[in-house]
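The structure under discussion appears below in the form of structure tokens.
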Amino acid sequence: MSIGSKIKRIRIQKHISQKQLAETLGYKDKSMICKIEKNVTKMSYEKMLLFMKKYDLSASELFQDALDIIETHSKILTIQDVSCFGQCSITVALPILSACGYETAILPTSILSTHTSGFKDFVAKDLDEQMHAFAAHWKKEGLKFDVVYTGYLGSVSLIDFAISAVEDFKKENALVFVDPALGDRGKLYPVFNTEYAIKMRELLAKADVIKPNITEACFITETPYQEKYDEAFVKLLIGKLKQFTNATIVLTDVSFTPGTTGVYIYENKQFKYYKHQKLGDGYHGTGDIFSASFVAAMLKTHSIYSAAKMAADYVYRCIKVTLGDNSHWYGVKFEQLLNDFVNRINNKKGK
Ligand code: PXL
């Protein structure tokens, strides 16, 4: 992960002295970098990791019990479509990231009257040409971002655009997050074909973290989709994805038993699974809500597992408040729980 060298101001618990801090961080004397003023010091993430290792703390324990990040200003660029109605892509990413305190810029690759899953006769305008002109302007302005996060793009040519935008607009240590957003429940979204899924491999190669669901992992790796599968199948998919990317893999919608689902993570050669109750039969836009809330939580907790857990729990609660309202079939009522999600990530409280 490459957000490592960013310096953050952090609050130190009173019982940690400057001397202890300097020793933990490997300084021979009380270095200036360990100067504590009003319980606040400055430290890079790399040093925080050292600190966690020394005291054998997980990131969430560290942030909850010992340190509290007090400056989290990050600039995020998200590249995905604008579905004008339907609670997905930019219309969920922007409010979630802004509410969590992140300055968020957008490159809207296409604009649609609604999303494409369930609405008939939707109207779509591809903004490929405009995006190249916007990017040319941004390059002149020298704009750069701490995070570049891509979602639903719309065409093979727009994947090429996203690849060049990642290169052009990421800061040196930026986090690149790719949600391939091309299908669900065993099917590609209406406008996509296998060429799009295969092209997506090139964008995955640029990422630090990728978030396919099982359907997307199957199409990208040209593996026949299975309704029922076991852990060996999930590991096979991860193995195949690894041929195209060195990114950490956050695989969503991984369900081994009928009443449960979860997130399967491959990070640093290790597998982790976060399982929770499965509600409903699949809701539109939940993958996009997961991605935006995962990115937001990731920047606060610096832990893939706790960010995945927080994002999955948020999606679960959004589905819970939407279940039973048949008129709301096109998305979930994420707005009602957004404030609660922000409080949870700020307090680093899991479920
Ligand atoms: O939620 C993914 C998504 C995003 N954007 C558009 C979509 C979909 C899923 O159907 O159609 C336009």
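Chain identifiers are assigned as A, B, and so on, following the order in which chains appear in the structure tokens; residues are numbered from 1 within each chain, and ligands are numbered from 1 in order of appearance.
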Which chain A residues have any atom within 6 Å of an atom of ligand 1, and for each, what is the nearest pair of atoms with distance in Å to one decimal, counting only C-alpha atoms and all ligand atoms, rows sorted by chain and number, as a Markdown table?
| residue | atom | partner | partner_atom_place_in_ligand_line | distance |
| --- | --- | --- | --- | --- |
| A:Asp81 | CA | ligand 1 | 5 (N) | 5.9 |
| A:Ser83 | CA | ligand 1 | 12 (C) | 5.4 |
| A:Cys88 | CA | ligand 1 | 1 (O) | 4.9 |
| A:Ser89 | CA | ligand 1 | 4 (C) | 4.9 |
| A:His115 | CA | ligand 1 | 11 (O) | 3.7 |
| A:Thr116 | CA | ligand 1 | 11 (O) | 3.5 |
| A:Ser117 | CA | ligand 1 | 10 (O) | 4.2 |
| A:Tyr152 | CA | ligand 1 | 4 (C) | 5.1 |
| A:Ala181 | CA | ligand 1 | 2 (C) | 5.6 |
| A:Tyr189 | CA | ligand 1 | 10 (O) | 5.6 |
| A:His284 | CA | ligand 1 | 1 (O) | 5.9 |
| A:Gly285 | CA | ligand 1 | 1 (O) | 4.0 |
| A:Asp288 | CA | ligand 1 | 1 (O) | 5.5 |
Checklist entry - Out of region 119-318 of chain A, which residues get strand (DSSP E or B) from DSSP, as number ranges by chain? => result A: 124-126, 145-150, 170-178, 183-184, 187-188, 209-210, 213, 248-252, 260-267, 270-277
Checklist entry - Any idea what's packed within 12 Å of region 222-225 of chain A, counting only C-alpha atoms, ignoring anything in its chain fewer than 3 positions away? Could you give it as a PyMOL selection string? => result chain A and resi 183-188+193-201+213-219+228-229+233-234+236-241
Item to check | DSSP-assigned helix (DSSP H, G or I) among region 75-175 of chain A, expressed as a ChimeraX atom specification | outcome: /A:90-99,128-141,156-169
Output file for the residues above (C-alpha atoms, as a PDB file, in the first residue's frame):
ATOM      1  CA  ILE A  90     -21.181   9.007  -8.445  1.00  0.00           C
ATOM      2  CA  THR A  91     -24.502   9.837  -6.774  1.00  0.00           C
ATOM      3  CA  VAL A  92     -23.536   7.550  -3.884  1.00  0.00           C
ATOM      4  CA  ALA A  93     -19.734   7.940  -3.933  1.00  0.00           C
ATOM      5  CA  LEU A  94     -19.778  11.724  -3.722  1.00  0.00           C
ATOM      6  CA  PRO A  95     -22.096  12.100  -0.705  1.00  0.00           C
ATOM      7  CA  ILE A  96     -20.411   9.257   1.189  1.00  0.00           C
ATOM      8  CA  LEU A  97     -16.866  10.519   0.649  1.00  0.00           C
ATOM      9  CA  SER A  98     -17.802  14.153   1.319  1.00  0.00           C
ATOM     10  CA  ALA A  99     -19.690  13.280   4.508  1.00  0.00           C
ATOM     11  CA  ASP A 128     -15.308   9.983 -23.695  1.00  0.00           C
ATOM     12  CA  GLU A 129     -14.465  13.007 -25.828  1.00  0.00           C
ATOM     13  CA  GLN A 130     -15.283  15.503 -23.051  1.00  0.00           C
ATOM     14  CA  MET A 131     -13.251  13.499 -20.514  1.00  0.00           C
ATOM     15  CA  HIS A 132     -10.118  13.828 -22.651  1.00  0.00           C
ATOM     16  CA  ALA A 133     -10.666  17.599 -22.841  1.00  0.00           C
ATOM     17  CA  PHE A 134     -11.308  17.819 -19.048  1.00  0.00           C
ATOM     18  CA  ALA A 135      -8.167  15.784 -18.358  1.00  0.00           C
ATOM     19  CA  ALA A 136      -6.105  18.012 -20.655  1.00  0.00           C
ATOM     20  CA  HIS A 137      -7.313  21.043 -18.690  1.00  0.00           C
ATOM     21  CA  TRP A 138      -6.560  19.364 -15.338  1.00  0.00           C
ATOM     22  CA  LYS A 139      -3.062  18.469 -16.542  1.00  0.00           C
ATOM     23  CA  LYS A 140      -2.419  22.130 -17.304  1.00  0.00           C
ATOM     24  CA  GLU A 141      -3.657  22.990 -13.807  1.00  0.00           C
ATOM     25  CA  VAL A 156     -13.467  -0.186 -23.588  1.00  0.00           C
ATOM     26  CA  SER A 157     -12.207   3.207 -24.677  1.00  0.00           C
ATOM     27  CA  LEU A 158     -13.196   4.704 -21.304  1.00  0.00           C
ATOM     28  CA  ILE A 159     -11.121   1.988 -19.583  1.00  0.00           C
ATOM     29  CA  ASP A 160      -8.155   3.324 -21.583  1.00  0.00           C
ATOM     30  CA  PHE A 161      -9.118   6.811 -20.423  1.00  0.00           C
ATOM     31  CA  ALA A 162      -9.225   5.677 -16.764  1.00  0.00           C
ATOM     32  CA  ILE A 163      -5.796   4.024 -17.123  1.00  0.00           C
ATOM     33  CA  SER A 164      -4.265   7.265 -18.373  1.00  0.00           C
ATOM     34  CA  ALA A 165      -6.132   9.333 -15.743  1.00  0.00           C
ATOM     35  CA  VAL A 166      -4.697   7.125 -12.972  1.00  0.00           C
ATOM     36  CA  GLU A 167      -1.212   7.813 -14.298  1.00  0.00           C
ATOM     37  CA  ASP A 168      -1.805  11.525 -14.845  1.00  0.00           C
ATOM     38  CA  PHE A 169      -3.575  12.442 -11.616  1.00  0.00           C
TER      39      PHE A 169
END
Using only C-alpha atoms, which residues sit within 8 Å of Pro258 (chain A) once same-chain residues fewer than 3 positions away are excluded, as a compact mmCIF listing (two decimals) with N, CA and C atoms, in the first residue's frame?
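Contents of part_20.txt, as written:
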# COMPACT_ATOMS: atom_id res chain seq x y z
N SER A 255 -20.47 -16.05 -0.62
CA SER A 255 -21.46 -16.73 0.21
C SER A 255 -21.27 -18.23 0.12
N THR A 261 -23.34 -14.15 3.87
CA THR A 261 -22.48 -13.68 2.78
C THR A 261 -21.30 -12.96 3.43
N LYS A 278 -26.94 -12.64 5.46
CA LYS A 278 -27.34 -12.16 4.13
C LYS A 278 -28.80 -11.70 4.20
Item to check | 7 Å contact set for Phe122 (chain A), only C-alpha atoms, chain neighbours under 6 positions out, as an NGL selection string | outcome: :A and (112-114 or 116)
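You will find CA of Arg344 (chain A) at 17.7 Å from CA of His276 (chain A).
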Next on the checklist: List the spatial neighbours of Phe271 (chain A) as a count of residues only - criterion: any atom at most 10 Å away, only C-alpha atoms, same-chain residues fewer than 3 positions off excluded.
Outcome noted: 8
Checklist entry - Taking into account only C-alpha atoms, which residue in the set A:Tyr305, A:Leu153, A:Gln226, A:Pro190 is nearest to Asp121 (chain A)? => result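 Closest to Asp121 (chain A) of all the choices is A:Pro190.
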